[in-house]
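Enquirer: This structure is in structure tokens; I'll ask about it shortly.
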Amino acid sequence: TVQAEDVCYKHVQGKCSEVGETWEAGSCSSFHGGFGGNTDTLHRMILDDFTDSVTYLLMGSQFSTDVVNKMGFSKFFTEKSDKMWNRGKDMINYVLKRGGKIGNAFQVPLAGADLDFSNEMKALGVSLDLLKHRAQDTLVASMHSNRKSELTSPSFSYDPATSHMLEELSEEYSG
């Protein structure tokens, strides 16, 4: 609505005419639409992407040792690690661009401790499970961002921009 968009303009206009250099952001941010209803899911996806990246890195290192020298598998899993790491970074950038925050307590949990990727087939099985889990998370987040409810509802999460970003991510997982 025009009134909601006017809030930032009025804030800026008021702050710019004040004497001194104390700037408070106030309500001026790119936080809009149903993005707030999707932030918890997106934060969990960020953690999962980084966790999976570390898991893939561990898997890749399994096949690049003096005992097991299968560089094709090592390269395959290391590239998956890089891809998941980049997805996590991209999601952080998206959250920040939309006015969200990443707190100081953000930590990536240890990964791969209970997974068995001691041979090629087990590692490929773990990889498929990880990718299917990420695809399912993307589906849930996408459904959440497409859910329509009352605009004034605290659980309002309809957000076409987030939905579009997740749709592109989903296409990658389908591939």
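Ordered as shown in the structure tokens, chains take letters A, B, and onward, while each chain numbers its residues from 1 and ligands are numbered from 1 in the order shown.
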Can you tell me which residues surround Lys148 of chain A at a distance of at most 12 Å, considering only C-alpha atoms, apart from same-chain residues fewer than 5 positions away, and format the answer as a list in words?
Expert: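 Once the adjacent positions are removed, what remains is Gly33, Gly34, Gly37, Met143, Ser153, Ser155, Phe156, Ser157, Tyr158, Asp159 and Pro160 of chain A.
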Enquirer: Just write the chosen residues, N, CA, C and O atoms, as a compact mmCIF listing (two decimals), in the first residue's frame.
Expert:
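Writing done, so here's again-v5.txt:
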# COMPACT_ATOMS: atom_id res chain seq x y z
N GLY A 33 6.48 -7.84 2.24
CA GLY A 33 5.72 -9.01 1.82
C GLY A 33 5.66 -10.07 2.91
O GLY A 33 5.70 -9.77 4.10
N GLY A 34 5.61 -11.31 2.51
CA GLY A 34 5.54 -12.41 3.46
C GLY A 34 6.89 -12.98 3.81
O GLY A 34 6.98 -14.10 4.32
N GLY A 37 7.52 -14.48 7.32
CA GLY A 37 6.97 -15.80 7.59
C GLY A 37 7.83 -16.92 7.06
O GLY A 37 7.60 -18.09 7.38
N MET A 143 6.22 -24.11 -0.74
CA MET A 143 4.80 -24.17 -0.41
C MET A 143 4.46 -23.11 0.63
O MET A 143 3.42 -22.46 0.56
N SER A 153 -2.13 -11.13 9.20
CA SER A 153 -1.87 -12.30 10.05
C SER A 153 -0.38 -12.38 10.38
O SER A 153 0.47 -12.17 9.51
N SER A 155 1.30 -14.96 10.72
CA SER A 155 1.88 -16.08 9.99
C SER A 155 1.85 -15.85 8.48
O SER A 155 2.10 -16.77 7.71
N PHE A 156 1.57 -14.61 8.06
CA PHE A 156 1.53 -14.30 6.63
C PHE A 156 2.88 -14.62 6.00
O PHE A 156 3.92 -14.15 6.46
N SER A 157 2.89 -15.44 4.97
CA SER A 157 4.16 -15.86 4.37
C SER A 157 4.14 -15.82 2.85
O SER A 157 5.11 -16.24 2.22
N TYR A 158 3.05 -15.34 2.24
CA TYR A 158 3.01 -15.29 0.78
C TYR A 158 4.05 -14.31 0.28
O TYR A 158 4.05 -13.14 0.62
N ASP A 159 5.00 -14.82 -0.53
CA ASP A 159 6.10 -13.99 -0.99
C ASP A 159 6.56 -14.49 -2.36
O ASP A 159 7.35 -15.43 -2.45
N PRO A 160 6.07 -13.90 -3.44
CA PRO A 160 6.41 -14.37 -4.79
C PRO A 160 7.92 -14.34 -5.08
O PRO A 160 8.41 -15.22 -5.78
Enquirer: For Met59 of chain A, work out the shell of residues within 9 Å, counting only C-alpha atoms and skipping chain neighbours fewer than 2 positions away, then give it as a list in words.
Expert: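 Non-adjacent residues within range: Val54, Thr55, Tyr56, Leu57, Ser61, Gln62, Phe63, Phe73, Ser74, Phe77, Thr78, Gly112, Phe117, Ser118 and Ala123 of chain A.
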Enquirer: Kindly give the distance, in Å, that separates atom CA of Asp66 of chain A and atom CA of Glu120 of chain A, rounded to a single decimal.
Expert: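 Computing it gives 16.3 Å between the two atoms.
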Enquirer: Which residues, written as a PyMOL selection string, have at least one atom at most 8 Å from His144 of chain A, with only C-alpha atoms counted and residues fewer than 2 positions away on the same chain left out?
Expert: chain A and resi 38+140-142+146-147+157-158
Enquirer: Would you list, as a ChimeraX atom specification, the residues of segment 20-130 of chain A that end up in helix (DSSP H, G or I) under DSSP run on this structure's backbone?
Expert: /A:35-62,71-97,120-130
Enquirer: Taking only C-alpha atoms into account, which of A:Gly99, A:Ser127, A:Ser81, A:Phe50 comes nearest Leu115 of chain A?
Expert: A:Ser127
Enquirer: Give me, as a list in words, all polymer residues having an atom no more than 10 Å from His43 of chain A, counting only C-alpha atoms and skipping those fewer than 3 positions away in the same chain.
Expert: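 Near His43 of chain A, the qualifying residues are Asn38, Thr39, Asp40, Ile46, Leu47, Asp48, Asp49, Gly88, Met91, Ile92, Val95, Gly100, Lys101, Ile102 and Phe106 of chain A.
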Enquirer: Just the number, please: distance in Å from atom CA of Ser30 of chain A to atom CA of Lys97 of chain A, one decimal.
Expert: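 Going from atom CA of Ser30 of chain A over to atom CA of Lys97 of chain A, I get 7.0 Å.
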Enquirer: Rounded to one decimal place, report the atom CA of Ser145 of chain A-atom CA of Thr162 of chain A distance in Å.
Expert: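 About the pair atom CA of Ser145 of chain A and atom CA of Thr162 of chain A: they are 6.5 Å apart.
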Enquirer: Give the answer as one residue: which of A:Asp82, A:Ser174, A:Leu42, A:Lys132 has the shortest atom-to-atom distance to Gly60 of chain A, using only C-alpha atoms?
Expert: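 Residue with the minimum atom-to-atom distance to Gly60 of chain A: A:Asp82.
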Enquirer: Neighbouring residues of Tyr173 of chain A were defined as those with any atom within 8 Å, considering only C-alpha atoms; residues of the same chain fewer than 5 positions away were excluded. Please report them as a PyMOL selection string.
Expert: chain A and resi 131-132+134-135
Enquirer: Since we have the selection now, will you write its residues out, keeping N, CA, C and O atoms, as a PDB file, in the first residue's frame?
Expert:
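Written output follows (part.pdb):
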ATOM      1  N   LEU A 131      20.707 -34.925  -1.102  1.00  0.00           N
ATOM      2  CA  LEU A 131      20.070 -34.113  -2.142  1.00  0.00           C
ATOM      3  C   LEU A 131      18.550 -34.210  -2.092  1.00  0.00           C
ATOM      4  O   LEU A 131      17.851 -33.215  -2.283  1.00  0.00           O
ATOM      5  N   LYS A 132      18.039 -35.399  -1.813  1.00  0.00           N
ATOM      6  CA  LYS A 132      16.584 -35.550  -1.696  1.00  0.00           C
ATOM      7  C   LYS A 132      16.056 -34.773  -0.496  1.00  0.00           C
ATOM      8  O   LYS A 132      14.980 -34.169  -0.563  1.00  0.00           O
ATOM      9  N   ARG A 134      17.421 -32.004   0.742  1.00  0.00           N
ATOM     10  CA  ARG A 134      17.451 -30.593   0.344  1.00  0.00           C
ATOM     11  C   ARG A 134      16.280 -30.275  -0.594  1.00  0.00           C
ATOM     12  O   ARG A 134      15.667 -29.220  -0.485  1.00  0.00           O
ATOM     13  N   ALA A 135      15.974 -31.172  -1.525  1.00  0.00           N
ATOM     14  CA  ALA A 135      14.845 -30.953  -2.438  1.00  0.00           C
ATOM     15  C   ALA A 135      13.532 -30.887  -1.663  1.00  0.00           C
ATOM     16  O   ALA A 135      12.666 -30.058  -1.952  1.00  0.00           O
TER      17      ALA A 135
END
